[in-house]
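All remarks here apply to the structure that follows.
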Amino acid sequence: MDSLEVFSLIAGLVGGLAMFLYGMNVMSGGLTKAAGGKLESVLARVTEHPVIAYLFGVGVTALVQSSSASTVMVVGLVNSGIMTLKQAVNVILGANLGTTFTAWLLSLNAISSDNFFINLLKPKSFTPFLALVGIALYMFSKNDKKKNIGTILLGFSVLMFGMSTMSDAVSPLKDVEGFKRVLTSFSNPLLGFLVGILFTMTIQSSAGTIGVLQALSLSVKIKYDVAIPVVIGAEVGTCITAILSSFGANKNGKRTALMHLYFNVIKATTFMILFYAIHSVVNFAFMDSQIGMVGIAGIHTLVNLVATPLMLPFSEILVTLALKTIPIDEAEKREQEDQQGIRTLDPRFLSNPPFALEQARQAAIVMATMSHDAMAKAIGLLTEFDEKEAEEVDYLERKVDTYEDQLGTYLMQINAHHLGNKDSHTLSVLLHCITDYERISDHALNIMQKARGMSENKRKFSPKAQQEMDIFSKAVMEIVELSLQAFENEDVKVAKSIEPLEETIDTINMEVKRRHVRRLRKGKCTIEQGFDLSDIGTDFERVADHCSNIAVGLIEVDEDAYDAHGYIQQLKADKGKDFEKAVEFYQNKYLLPAVKY
């Protein structure tokens with residue numbers, strides 16, 4: 001071969017490999033987006049049972065066409081605290097079997113027949129039409145789901161075209177004696193094993209390595225003794241992606257990547273030792289036979305089909321090895337307790353915006369619950385002050401501030417990605433809601449500080465004022481509880497019951513202040529008590545306003561619009577029978593006792 005032919009061959013092989021890897025990445029991304037974050041959500045829920053976790057790992061990896069992608073996904077879920085190491089290990093075992101589906105898909109290229117209909121099954125025959133449909137859906141459809149389908153079709157077409165390009169590029173090598181000698185040297189098990197590891201580490205895809213090997217097998221005579229060690233080496237080399245992904249993860253994320261590495265090292269070395277020990281005694285006749293694309297896919301599947309179920313009952317060994325390598329210390333235990341919830345905001349999820357958005361929503365629910373708890377504890381301090389409870393309110397308020405800061409940053413990062421209309425509205429509402437919940441915790445802190453001041457100065461409300469404040473407090477706690485319930489369950493019906501209660505709380509606040517003025521004139525309370533009552537009443541009213549904002553946001557997202565101010569204005573202007581009836585219900589429920597002056 002002259003230099004021009006060599007250059008053409010290398011360019012074709014590299015270009016084909018680049019298209020193959022890019023197509024796989026595009027197809028995987030399209031499939032993940034089409035799932036809308038549901039894959040990870042289901043993955044996090046079904047992993048309690050080892051066998052179900054294993055089977056789900058098989059299914060997810062076969063679907064997204066990449067064990068690297070699914071393993072990185074698992075690293076992110078463990079890093080965020082959604083999944084434990086014991087749950088993750090079984091998914092990883094399944095991922096190793098699921099990734100073999102890709103090789104079988106590529107084996108379609110080996111179809112050869114004079115029959116027209118059978119020949120249609122060959123990717124070269126149908127991928128151009130798939131690409132045409134894919135580009136049409138991607139460019140001209142305004143529907144996100146159809147765009148995702150278009151992306152999947154385009155990715156698959158590019159992947160198969162890359163495979164065909166690699167095969168065509170290496171076709172001249174079948175007549176080159178030098179290449180045959182190099183290829184024969186890979187029959188040395190150790191050399192072939194190392195080549196498989198290094199090549200896979202370089203391209204970060206075991207499917208890519210096996211794809212190149214399958215492309216070669218279409219044009220060049222490759223024997224089993226060459227293919228087997230390269231395929232087994234690829235099993236170890238693919239771990240590099242998860243290892244690199246874990247660099248920015250916490251210790252549990254790193255342990256997950258190590259479990260993937262340990263399993264593949266154990267699997268590969270055990271196979272190499274046992275297989276070649278038996279081969280040295282029995283001398284397998286098929287080792288000198290030519291292997292095709294189907295044979296390569298078969299080896300890849302057989303090794304994992306045997307190894308992964310065998311390891312399943314002993315999967316905790318991998319967890320133990322990972323924990324021995326990176327032990328848990330006291331600092332990590334404290335960090336896990338303090339950071340629980342915030343860790344769900346893992347940067348790895350940003351590549352799948354719908355799922356990242358759902359994780360942000362779950363963290364916002366934790367934040368909302370802390371705001372609710374802070375308010376409940378602060379209101380309790382008005383009746384009986386306790387310094388430990390006061391410190392807890394202060395702690396919760398600071399933690400809510402941390403959540404708002406990190407959630408706000410994460411939501412803005414999600415916003416930088418393409419989102420559908422519904423997800424965009426949801427993101428806007430979350431940004432507003434976390435601000436409202438942060439303000440509610442601020443008002444809880446104000447109430448706690450007011451209760452502390454009253455306790456230190458031995459000030460108490462008069463019996464009648466205390467009775468009124470108890471009713472006022474119950475109304476406020478109900479609106480906080482309703483807003484949390486509506487927010488957590490995305491319950492529009494509950495959300496619509498909040499505005500009438502907010503109007504009732506406004507009325508209660510005005511009436512409580514009016515009654516205080518009358519008591520003040522008659523000398524039945526002091527100016528200082530009046531300041532306390534007024535400040536607490538203002539905090540209560542503001543809390544109700546923030547709950548109203550949260551409810552309106554949820555309603556507007558359900559109606560696919562977002563104009564909170566306009567909605568409230570229209571609602572109060574219309575004041576239909578249902579609204580008036582709800583207001584009347586709450587006014588009767590929280591009716592202040594009659595007084596005589």
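Identifiers in this document derive from the order of the structure tokens: chains are assigned A, B, ..., residues are numbered from 1 separately in each chain, and ligands are numbered from 1 in order of occurrence.
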**OP:** Fewer than 2 positions away in the same chain doesn't count, so skip those; otherwise give me all residues within 12 Å of range 397-405 of chain A, counting only C-alpha atoms, as a VMD selection string.
**Re:** chain A and resid 338 to 345 360 to 375 377 to 378 390 to 395 407 to 412 430 to 448
Subject >> Pick from A:Ala207, A:Leu382, A:Val72, A:Ala322, whichever lies nearest to His300 in chain A using only C-alpha atoms >> reply: A:Ala207
Original post:
Which neighbours of Gly23 in chain A fall inside 8 Å, counting only C-alpha atoms, when residues of the same chain fewer than 4 positions from it are skipped, and could you give them as a ChimeraX atom specification?
Top reply: /A:19,27,154-160,162
Original post:
What residues in range 240-311 of chain A get the DSSP label alpha helix (DSSP H)? Please answer as an NGL selection string.
Top reply: :A and (240-245 or 251-282 or 293-311)
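The list of residues with at least one atom within 7 Å of Val512 in chain A, based on only C-alpha atoms and without residues fewer than 4 positions apart in the same chain, reads Glu468, Ile508 and His516 of chain A.
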Subject >> Distance criterion (only C-alpha atoms): nearest to Gly420 in chain A out of A:Val236, A:Lys146, A:Met469, A:His49 >> reply: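 Under the stated criterion, the closest residue is A:Lys146.
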Original post:
Nearest to Phe579 in chain A among A:Lys142, A:His546, A:Lys496, A:Arg348, with distances taken over only C-alpha atoms: which residue is it?
Top reply: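 Of the candidates, the smallest distance to Phe579 in chain A is held by A:Lys496.
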**OP:** Find the residues near Tyr224 in chain A: any atom within 8 Å, counting only C-alpha atoms, skip ones fewer than 5 places away on the same chain, and give them as number ranges by chain.
**Re:** A: 286-291
What would the file look like if the residues just selected were written as a short mmCIF file (atom, residue, chain, number, x, y, z; two decimals), in the first residue's frame with C-alpha atoms?
data_model
loop_
_atom_site.label_atom_id
_atom_site.label_comp_id
_atom_site.auth_asym_id
_atom_site.auth_seq_id
_atom_site.Cartn_x
_atom_site.Cartn_y
_atom_site.Cartn_z
CA PHE A 286 -12.81 -23.21 17.15
CA MET A 287 -10.00 -20.83 18.21
CA ASP A 288 -8.46 -21.08 14.70
CA SER A 289 -11.81 -20.53 12.99
CA GLN A 290 -12.89 -17.23 11.45
CA ILE A 291 -15.21 -15.18 13.58
#
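Minimum distance to Ala486 in chain A across A:Val552, A:Gln406, A:Ser164, A:Asn143 (counting only C-alpha atoms) occurs at A:Val552.
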Original post:
Suppose you want the space between CA of Gly211 in chain A and CA of Ala103 in chain A; what is it in Å?
Top reply: 6.9 Å
**OP:** Go ahead and compute the interatomic distance for CA of Gln485 in chain A and CA of Pro353 in chain A, in Å to one decimal.
**Re:** 24.9 Å
Subject >> Distance in Å - CA of Ser462 in chain A versus CA of Lys388 in chain A >> reply: 25.6 Å
